[in-house]
file work.pdb (PDB, C-alpha atoms)
ATOM      1  CA  MET A   1      44.822  56.328 124.041
ATOM      2  CA  PRO A   2      42.283  58.202 121.919
ATOM      3  CA  GLY A   3      43.655  59.780 118.769
ATOM      4  CA  ARG A   4      46.935  57.937 118.824
ATOM      5  CA  ALA A   5      46.303  55.790 115.747
ATOM      6  CA  ALA A   6      44.947  58.806 113.911
ATOM      7  CA  ALA A   7      48.004  60.865 114.825
ATOM      8  CA  GLU A   8      50.281  58.098 113.571
ATOM      9  CA  ARG A   9      48.483  57.930 110.239
ATOM     10  CA  VAL A  10      48.540  61.710 109.825
ATOM     11  CA  ARG A  11      52.257  61.695 110.649
ATOM     12  CA  LYS A  12      52.810  59.097 107.945
ATOM     13  CA  ALA A  13      51.015  61.313 105.413
ATOM     14  CA  ILE A  14      53.084  64.311 106.588
ATOM     15  CA  ALA A  15      56.303  62.316 106.213
ATOM     16  CA  LEU A  16      55.365  61.476 102.615
ATOM     17  CA  VAL A  17      54.628  65.121 101.800
ATOM     18  CA  ASN A  18      57.799  66.345 103.535
ATOM     19  CA  ALA A  19      59.847  63.770 101.636
ATOM     20  CA  VAL A  20      58.550  65.347  98.427
ATOM     21  CA  ALA A  21      59.274  68.869  99.696
ATOM     22  CA  ASP A  22      62.723  68.096 101.126
ATOM     23  CA  GLY A  23      63.749  65.940  98.177
ATOM     24  CA  ALA A  24      65.962  63.271  99.720
ATOM     25  CA  GLY A  25      66.287  61.951  96.191
ATOM     26  CA  ASP A  26      65.931  58.333  97.234
ATOM     27  CA  GLU A  27      62.283  57.656  96.462
ATOM     28  CA  ASP A  28      59.554  58.528  94.023
ATOM     29  CA  ILE A  29      56.405  59.503  95.833
ATOM     30  CA  THR A  30      53.330  60.034  93.707
ATOM     31  CA  PRO A  31      50.335  62.214  94.590
ATOM     32  CA  THR A  32      48.299  58.991  94.563
ATOM     33  CA  GLU A  33      50.368  57.603  97.454
ATOM     34  CA  ILE A  34      49.880  60.787  99.453
ATOM     35  CA  ALA A  35      46.152  60.766  98.720
ATOM     36  CA  GLU A  36      45.966  57.118  99.849
ATOM     37  CA  ALA A  37      47.719  57.977 103.111
ATOM     38  CA  ILE A  38      45.224  60.780 103.748
ATOM     39  CA  ARG A  39      42.283  58.490 102.905
ATOM     40  CA  ASP A  40      43.684  55.992 105.434
ATOM     41  CA  CYS A  41      43.387  58.748 108.045
ATOM     42  CA  LEU A  42      39.823  59.554 107.001
ATOM     43  CA  GLU A  43      38.796  55.917 107.476
ATOM     44  CA  LEU A  44      39.519  56.017 111.199
ATOM     45  CA  ARG A  45      36.452  56.515 113.349
ATOM     46  CA  GLU A  46      38.457  58.256 116.063
ATOM     47  CA  ILE A  47      39.040  61.344 113.908
ATOM     48  CA  GLU A  48      35.419  62.286 114.680
ATOM     49  CA  GLN A  49      36.547  63.135 118.229
ATOM     50  CA  GLY A  50      38.291  66.265 117.000
ATOM     51  CA  SER A  51      35.881  68.788 115.562
ATOM     52  CA  ASN A  52      38.031  69.955 112.653
ATOM     53  CA  VAL A  53      40.137  66.879 111.933
ATOM     54  CA  ARG A  54      37.920  65.584 109.107
ATOM     55  CA  LYS A  55      37.675  69.095 107.648
ATOM     56  CA  TYR A  56      41.459  69.562 107.553
ATOM     57  CA  LEU A  57      42.050  66.080 106.130
ATOM     58  CA  GLY A  58      39.433  66.753 103.440
ATOM     59  CA  GLU A  59      41.159  70.024 102.578
ATOM     60  CA  ALA A  60      44.518  68.246 102.386
ATOM     61  CA  LEU A  61      43.045  65.629 100.056
ATOM     62  CA  ASP A  62      41.587  68.362  97.848
ATOM     63  CA  ALA A  63      44.960  70.139  97.844
ATOM     64  CA  VAL A  64      46.701  66.976  96.637
ATOM     65  CA  SER A  65      44.204  66.405  93.842
ATOM     66  CA  ASP A  66      44.413  70.088  92.847
ATOM     67  CA  GLY A  67      48.204  69.846  92.598
ATOM     68  CA  MET A  68      48.860  72.383  95.347
ATOM     69  CA  PRO A  69      52.474  72.763  96.588
ATOM     70  CA  ALA A  70      53.746  70.174  99.063
ATOM     71  CA  ASP A  71      54.128  72.808 101.783
ATOM     72  CA  PHE A  72      50.443  73.699 101.499
ATOM     73  CA  VAL A  73      49.418  70.063 101.883
ATOM     74  CA  ALA A  74      51.848  69.671 104.792
ATOM     75  CA  MET A  75      50.484  72.780 106.520
ATOM     76  CA  THR A  76      46.920  71.462 106.277
ATOM     77  CA  LEU A  77      47.976  68.063 107.619
ATOM     78  CA  TYR A  78      49.794  69.734 110.524
ATOM     79  CA  ALA A  79      46.521  71.531 111.260
ATOM     80  CA  ALA A  80      44.778  68.133 111.347
ATOM     81  CA  LEU A  81      47.483  66.803 113.656
ATOM     82  CA  GLY A  82      47.020  69.816 115.912
ATOM     83  CA  ALA A  83      43.251  69.246 115.975
ATOM     84  CA  ILE A  84      43.817  65.607 116.970
ATOM     85  CA  GLY A  85      46.141  66.798 119.733
ATOM     86  CA  GLU A  86      43.532  69.234 120.962
ATOM     87  CA  SER A  87      40.844  66.543 121.013
ATOM     88  CA  ARG A  88      43.196  64.289 122.995
ATOM     89  CA  SER A  89      43.960  66.981 125.536
ATOM     90  CA  THR A  90      40.264  67.738 126.057
ATOM     91  CA  SER A  91      39.032  64.110 126.109
TER
ATOM     92  CA  MET B   1      83.906  88.284 107.238
ATOM     93  CA  ARG B   2      86.295  86.401 109.538
ATOM     94  CA  SER B   3      86.767  82.757 108.769
ATOM     95  CA  ALA B   4      89.134  79.923 109.551
ATOM     96  CA  GLU B   5      89.818  76.466 108.252
ATOM     97  CA  GLY B   6      89.561  73.586 110.684
ATOM     98  CA  ARG B   7      90.822  70.037 110.383
ATOM     99  CA  GLY B   8      90.016  67.054 112.525
ATOM    100  CA  ARG B   9      89.287  63.369 112.577
ATOM    101  CA  THR B  10      85.569  64.072 112.897
ATOM    102  CA  LEU B  11      83.357  66.950 111.849
ATOM    103  CA  ASP B  12      83.016  68.113 115.454
ATOM    104  CA  GLU B  13      86.777  68.075 115.957
ATOM    105  CA  ALA B  14      87.327  70.056 112.748
ATOM    106  CA  VAL B  15      84.729  72.657 113.752
ATOM    107  CA  ASP B  16      86.152  72.900 117.262
ATOM    108  CA  ALA B  17      89.656  73.487 115.865
ATOM    109  CA  ALA B  18      88.410  76.378 113.747
ATOM    110  CA  LEU B  19      86.345  77.798 116.634
ATOM    111  CA  ILE B  20      89.415  77.855 118.883
ATOM    112  CA  GLU B  21      91.343  79.725 116.213
ATOM    113  CA  LEU B  22      88.511  82.241 115.808
ATOM    114  CA  GLY B  23      87.737  82.490 119.525
ATOM    115  CA  GLU B  24      84.010  82.113 118.763
ATOM    116  CA  SER B  25      81.146  79.893 119.910
ATOM    117  CA  ARG B  26      79.129  77.614 117.629
ATOM    118  CA  ARG B  27      76.090  79.850 117.817
ATOM    119  CA  ASN B  28      77.873  82.667 116.005
ATOM    120  CA  VAL B  29      79.301  80.830 113.030
ATOM    121  CA  ASP B  30      78.406  79.216 109.739
ATOM    122  CA  VAL B  31      80.076  75.935 108.895
ATOM    123  CA  ARG B  32      80.894  74.809 105.356
ATOM    124  CA  VAL B  33      82.239  71.313 104.893
ATOM    125  CA  ILE B  34      85.120  71.386 102.406
ATOM    126  CA  SER B  35      85.891  67.681 102.501
ATOM    127  CA  GLU B  36      84.843  64.699 104.566
ATOM    128  CA  GLY B  37      86.773  61.477 104.559
ATOM    129  CA  PRO B  38      87.307  58.496 106.771
ATOM    130  CA  GLU B  39      90.629  59.891 108.015
ATOM    131  CA  GLU B  40      90.125  63.636 108.058
ATOM    132  CA  THR B  41      87.404  66.260 107.792
ATOM    133  CA  VAL B  42      88.118  69.809 106.650
ATOM    134  CA  VAL B  43      85.679  72.665 107.271
ATOM    135  CA  GLU B  44      85.556  76.385 106.733
ATOM    136  CA  VAL B  45      84.031  78.211 109.676
ATOM    137  CA  SER B  46      82.848  81.799 109.128
ATOM    138  CA  VAL B  47      81.738  84.212 111.821
ATOM    139  CA  ILE B  48      78.210  85.447 111.153
ATOM    140  CA  ASP B  49      78.213  89.180 110.598
ATOM    141  CA  HIS B  50      75.019  90.336 112.299
ATOM    142  CA  SER B  51      75.400  93.806 110.786
ATOM    143  CA  ALA B  52      75.611  92.443 107.250
ATOM    144  CA  PRO B  53      73.397  94.206 104.728
ATOM    145  CA  SER B  54      71.380  91.040 104.104
ATOM    146  CA  LEU B  55      69.891  91.397 107.563
ATOM    147  CA  GLY B  56      68.573  94.854 107.163
ATOM    148  CA  ALA B  57      66.819  97.023 104.635
ATOM    149  CA  VAL B  58      70.079  98.046 103.010
ATOM    150  CA  GLY B  59      70.243  95.051 100.751
ATOM    151  CA  THR B  60      68.743  95.657  97.340
ATOM    152  CA  SER B  61      69.282  92.393  95.539
ATOM    153  CA  PRO B  62      66.165  90.319  94.892
ATOM    154  CA  THR B  63      67.416  87.578  97.212
ATOM    155  CA  ASN B  64      67.934  90.006 100.088
ATOM    156  CA  GLY B  65      64.489  91.456  99.478
ATOM    157  CA  LYS B  66      62.944  88.001  99.740
ATOM    158  CA  ALA B  67      65.002  87.200 102.818
ATOM    159  CA  ASP B  68      63.798  90.395 104.485
ATOM    160  CA  VAL B  69      60.186  89.616 103.696
ATOM    161  CA  ALA B  70      60.666  86.093 105.051
ATOM    162  CA  ARG B  71      62.336  87.374 108.207
ATOM    163  CA  SER B  72      59.563  89.906 108.877
ATOM    164  CA  LEU B  73      56.937  87.249 108.285
ATOM    165  CA  VAL B  74      58.482  84.785 110.740
ATOM    166  CA  GLU B  75      58.975  87.561 113.298
ATOM    167  CA  GLY B  76      55.268  88.332 112.993
ATOM    168  CA  LEU B  77      54.293  84.679 113.345
ATOM    169  CA  LEU B  78      56.427  84.287 116.457
ATOM    170  CA  LYS B  79      54.948  87.450 117.939
ATOM    171  CA  HIS B  80      51.432  86.067 117.433
ATOM    172  CA  MET B  81      52.558  82.804 119.033
ATOM    173  CA  GLY B  82      53.863  84.713 122.034
ATOM    174  CA  VAL B  83      57.423  83.526 121.428
ATOM    175  CA  ARG B  84      60.186  85.987 122.194
ATOM    176  CA  ALA B  85      63.010  85.245 119.794
ATOM    177  CA  GLN B  86      65.375  86.842 117.340
ATOM    178  CA  VAL B  87      65.175  86.015 113.645
ATOM    179  CA  THR B  88      68.225  86.465 111.431
ATOM    180  CA  VAL B  89      69.024  85.543 107.862
ATOM    181  CA  ARG B  90      71.911  83.101 107.589
ATOM    182  CA  THR B  91      74.440  84.669 105.264
ATOM    183  CA  GLY B  92      75.799  82.999 102.194
ATOM    184  CA  THR B  93      73.266  80.197 102.041
ATOM    185  CA  ASP B  94      71.134  78.997  99.206
ATOM    186  CA  PRO B  95      68.232  78.420  99.768
ATOM    187  CA  ILE B  96      67.420  81.335 102.067
ATOM    188  CA  THR B  97      67.779  80.118 105.648
ATOM    189  CA  LEU B  98      66.246  81.855 108.650
ATOM    190  CA  ASP B  99      67.751  81.292 112.072
ATOM    191  CA  ILE B 100      65.536  81.702 115.108
ATOM    192  CA  SER B 101      67.379  82.132 118.367
ATOM    193  CA  GLY B 102      66.333  82.894 121.900
ATOM    194  CA  ARG B 103      65.769  81.277 125.251
ATOM    195  CA  ASP B 104      63.778  78.105 125.880
ATOM    196  CA  LEU B 105      62.861  77.449 122.265
ATOM    197  CA  GLY B 106      62.528  73.692 122.717
ATOM    198  CA  ALA B 107      58.768  73.930 122.245
ATOM    199  CA  LEU B 108      59.339  75.635 118.906
ATOM    200  CA  ILE B 109      61.390  72.656 117.742
ATOM    201  CA  GLY B 110      58.912  70.059 119.022
ATOM    202  CA  TRP B 111      59.062  66.282 118.899
ATOM    203  CA  ARG B 112      61.744  65.292 116.349
ATOM    204  CA  GLY B 113      61.571  68.818 114.915
ATOM    205  CA  GLU B 114      57.873  68.506 114.101
ATOM    206  CA  THR B 115      56.842  71.989 115.220
ATOM    207  CA  LEU B 116      59.826  73.520 113.466
ATOM    208  CA  ARG B 117      58.889  71.686 110.276
ATOM    209  CA  ALA B 118      55.283  72.905 110.556
ATOM    210  CA  LEU B 119      56.512  76.480 111.022
ATOM    211  CA  GLN B 120      58.622  76.097 107.889
ATOM    212  CA  SER B 121      55.629  74.827 105.908
ATOM    213  CA  VAL B 122      53.469  77.749 107.033
ATOM    214  CA  THR B 123      56.266  80.198 106.213
ATOM    215  CA  ASN B 124      56.671  78.817 102.700
ATOM    216  CA  VAL B 125      52.938  78.846 102.038
ATOM    217  CA  MET B 126      52.655  82.466 103.220
ATOM    218  CA  LEU B 127      55.689  83.492 101.165
ATOM    219  CA  GLY B 128      54.422  81.680  98.087
ATOM    220  CA  LYS B 129      53.942  84.698  95.827
ATOM    221  CA  HIS B 130      57.403  86.073  96.682
ATOM    222  CA  LEU B 131      59.185  82.859  95.767
ATOM    223  CA  ALA B 132      60.014  81.459  92.358
ATOM    224  CA  GLU B 133      58.705  78.022  91.419
ATOM    225  CA  GLY B 134      60.546  75.374  93.400
ATOM    226  CA  GLU B 135      62.217  77.986  95.634
ATOM    227  CA  ARG B 136      61.877  77.398  99.361
ATOM    228  CA  VAL B 137      62.869  79.013 102.621
ATOM    229  CA  ILE B 138      64.480  76.913 105.349
ATOM    230  CA  VAL B 139      63.630  77.741 108.945
ATOM    231  CA  ASP B 140      66.011  76.643 111.688
ATOM    232  CA  VAL B 141      65.696  77.049 115.447
ATOM    233  CA  GLU B 142      68.896  77.288 117.478
ATOM    234  CA  ARG B 143      70.654  75.566 114.554
ATOM    235  CA  TYR B 144      68.703  72.363 115.317
ATOM    236  CA  ARG B 145      68.465  71.386 111.658
ATOM    237  CA  GLN B 146      72.117  72.175 110.984
ATOM    238  CA  ARG B 147      73.165  70.167 114.050
ATOM    239  CA  ARG B 148      70.998  67.227 112.957
ATOM    240  CA  GLU B 149      72.589  67.310 109.515
ATOM    241  CA  HIS B 150      76.060  67.328 111.079
ATOM    242  CA  THR B 151      75.110  64.473 113.381
ATOM    243  CA  VAL B 152      73.724  62.244 110.643
ATOM    244  CA  ARG B 153      76.761  63.002 108.457
ATOM    245  CA  GLU B 154      78.942  61.831 111.336
ATOM    246  CA  ILE B 155      76.837  58.688 111.614
ATOM    247  CA  ALA B 156      77.186  58.118 107.859
ATOM    248  CA  LEU B 157      80.968  58.458 107.927
ATOM    249  CA  ARG B 158      81.240  56.171 110.932
ATOM    250  CA  ALA B 159      79.040  53.599 109.192
ATOM    251  CA  ALA B 160      81.144  53.911 106.031
ATOM    252  CA  ARG B 161      84.313  53.185 108.011
ATOM    253  CA  GLN B 162      82.691  50.098 109.514
ATOM    254  CA  VAL B 163      81.455  48.901 106.110
ATOM    255  CA  LYS B 164      84.973  49.205 104.721
ATOM    256  CA  MET B 165      86.328  47.133 107.595
ATOM    257  CA  THR B 166      83.700  44.384 107.600
ATOM    258  CA  GLY B 167      82.292  44.461 104.077
ATOM    259  CA  ASP B 168      78.782  44.184 105.540
ATOM    260  CA  ALA B 169      75.990  46.679 104.873
ATOM    261  CA  ILE B 170      74.583  48.679 107.799
ATOM    262  CA  THR B 171      70.968  49.794 108.129
ATOM    263  CA  LEU B 172      70.614  53.072 110.013
ATOM    264  CA  ASP B 173      67.675  54.259 112.096
ATOM    265  CA  ALA B 174      64.608  55.734 110.431
ATOM    266  CA  MET B 175      65.247  59.306 109.378
ATOM    267  CA  GLN B 176      63.470  62.252 107.849
ATOM    268  CA  ALA B 177      64.035  63.158 104.201
ATOM    269  CA  PHE B 178      66.447  66.036 104.875
ATOM    270  CA  GLU B 179      68.540  63.755 107.096
ATOM    271  CA  ARG B 180      68.642  60.983 104.501
ATOM    272  CA  ARG B 181      69.616  63.566 101.922
ATOM    273  CA  ALA B 182      72.541  64.681 104.111
ATOM    274  CA  ILE B 183      73.746  61.067 104.306
ATOM    275  CA  HIS B 184      73.485  60.455 100.559
ATOM    276  CA  LEU B 185      75.424  63.678  99.933
ATOM    277  CA  ALA B 186      78.089  62.762 102.506
ATOM    278  CA  LEU B 187      78.771  59.424 100.838
ATOM    279  CA  GLN B 188      78.206  60.267  97.186
ATOM    280  CA  ASP B 189      81.921  60.732  96.434
ATOM    281  CA  ASP B 190      83.114  57.699  98.362
ATOM    282  CA  PRO B 191      84.395  55.205  95.764
ATOM    283  CA  ASP B 192      83.976  52.186  98.045
ATOM    284  CA  VAL B 193      80.786  52.821 100.000
ATOM    285  CA  GLY B 194      77.351  53.848  98.787
ATOM    286  CA  SER B 195      73.954  54.535 100.308
ATOM    287  CA  SER B 196      70.397  53.672  99.415
ATOM    288  CA  SER B 197      67.086  53.749 101.252
ATOM    289  CA  ILE B 198      64.575  51.084 102.151
ATOM    290  CA  GLY B 199      61.147  51.022 103.765
ATOM    291  CA  GLU B 200      58.262  53.407 103.693
ATOM    292  CA  GLU B 201      57.734  56.779 105.306
ATOM    293  CA  PRO B 202      57.918  57.545 108.166
ATOM    294  CA  ASP B 203      60.135  54.494 108.813
ATOM    295  CA  ARG B 204      62.349  54.878 105.773
ATOM    296  CA  ARG B 205      65.968  53.979 106.558
ATOM    297  CA  VAL B 206      69.288  54.498 104.858
ATOM    298  CA  VAL B 207      71.418  51.442 104.115
ATOM    299  CA  VAL B 208      75.154  52.053 103.906
ATOM    300  CA  GLY B 209      76.916  49.271 102.042
ATOM    301  CA  PRO B 210      79.807  48.388  99.739
ATOM    302  CA  ARG B 211      79.496  50.075  96.372
ATOM    303  CA  LYS B 212      78.927  47.563  93.600
ATOM    304  CA  PRO B 213      81.501  47.629  90.809
ATOM    305  CA  ALA B 214      80.222  49.343  87.671
ATOM    306  CA  GLY B 215      78.600  46.964  85.252
ATOM    307  CA  SER B 216      77.870  44.269  87.802
TER
END
call {"tool": "encode", "arguments": {"input": "work.pdb", "output": "structure tokens"}}
result
Amino acid sequence: MPGRAAAERVRKAIALVNAVADGAGDEDITPTEIAEAIRDCLELREIEQGSNVRKYLGEALDAVSDGMPADFVAMTLYAALGAIGESRSTS
Amino acid sequence: MRSAEGRGRTLDEAVDAALIELGESRRNVDVRVISEGPEETVVEVSVIDHSAPSLGAVGTSPTNGKADVARSLVEGLLKHMGVRAQVTVRTGTDPITLDISGRDLGALIGWRGETLRALQSVTNVMLGKHLAEGERVIVDVERYRQRREHTVREIALRAARQVKMTGDAITLDAMQAFERRAIHLALQDDPDVGSSSIGEEPDRRVVVGPRKPAGS
């Protein structure tokens, strides 16, 4: 199914960011790990199917490197996830 | 504010006991866990006062001001989304918690609470300048988050009982960070059983096992 692998990778990045925001207190997640998870998403060719997916992922990556709050990064990744969903529903 | 203490073998039983005493339904109450043990759980159940000052413009404390701004913001977001729902501020909670209630709000919760979590992220980003550093607003729909926390706490206590009987560690299903946090908090005072987490997001799991003696 188109977009499925991309959605899974974006969800993994979101889970990392949410773990930082929600503070379960059982892991140390570094910005580098979150950035790596987002880069993993950007490597997938299927993200090109959604018009704004790459844009949102790029913004999320910039937000991580700029030290923006976790909720901001999460919001941008949710936007990417939504764009993947839209590309799936129109493909 | 009316409240009652409830006792039971499980969290649900304790809450139900208090609800019967109050003559209220779960939707109209706040639940505070006083103690949770393998034999008995004690809770304090308080009826939510919908006319409390923290819900309206009467409140003047900084916290109430922030809560009002947050409530208005979420109401606006829901209006733009075409969702008809009521937003209230849960009283006596820290951090500020907004409850969204209405009919057919399943779509607002989404798969494993994903849409709800996204709404919370957007809310916190939009409220950024009103919040102190590290301060966050929790958004809940039909008490989904609260119910999930209660459920995973129940799972944790059940697992702890089993660990005490068998001495073997139990690995629970993959959970989100706020759920894992609820489990760690539920077991933190248990002298015999402890919790830790293994794996990577989003498949990170809590392991409930015998607590190692200090110094070993």
call {"tool": "resolve_selection", "arguments": {"input": "work.pdb", "expression": "the ChimeraX specification (/A :<6) & /B", "output": "ChimeraX atom specification"}}
result
/B:121-122,125,177-178,180-181,201-202
call {"tool": "atom_distance", "arguments": {"input": "work.pdb", "atom1": "CA of Arg32 (chain B)", "atom2": "CA of Val45 (chain B)"}}
result
6.3 Å
call {"tool": "closest_residue", "arguments": {"input": "work.pdb", "among": "B:Arg161, B:Arg84, B:His150, B:Arg2", "to": "Asp192 (chain B)", "atoms": "all atoms listed in the file"}}
result
B:Arg161
call {"tool": "resolve_selection", "arguments": {"input": "work.pdb", "expression": "the PyMOL selection byres ((chain A and resi 82) around 12)", "output": "ChimeraX atom specification"}}
result
/A:3,6-7,10-11,47,50-53,56-57,75-81,83-89 /B:114-115,118
call {"tool": "atom_distance", "arguments": {"input": "work.pdb", "atom1": "CA of Asp94 (chain B)", "atom2": "CA of Asp12 (chain B)"}}
result
22.9 Å
call {"tool": "atom_distance", "arguments": {"input": "work.pdb", "atom1": "CA of Leu172 (chain B)", "atom2": "CA of Val207 (chain B)"}}
result
6.2 Å
call {"tool": "resolve_selection", "arguments": {"input": "work.pdb", "expression": "the PyMOL selection byres ((chain B and resi 156) around 12)", "output": "VMD selection string"}}
result
chain B and resid 10 to 11 36 to 38 149 to 155 157 to 163 169 to 173 179 to 188 190 193 to 196 206 to 209
call {"tool": "residues_around", "arguments": {"input": "work.pdb", "residues": "Ile138 (chain B)", "least_positions_apart": "4", "cutoff": "8 Å", "atoms": "only C-alpha atoms", "output": "list in words"}}
result
Pro95, Ile96, Thr97, Leu98 and Gln120 of chain B
call {"tool": "closest_residue", "arguments": {"input": "work.pdb", "among": "B:Arg90, B:Arg117, B:Arg148, B:Arg205", "to": "Asn28 (chain B)", "atoms": "all atoms listed in the file"}}
result
B:Arg90
call {"tool": "axis_aligned_box", "arguments": {"input": "work.pdb", "around": "region 113-122 of chain B", "padding_each_side": "5 Å", "output": "JSON"}}
result
{"center_x": 57.5, "center_y": 73.1, "center_z": 110.6, "size_x": 18.1, "size_y": 19.2, "size_z": 19.3}
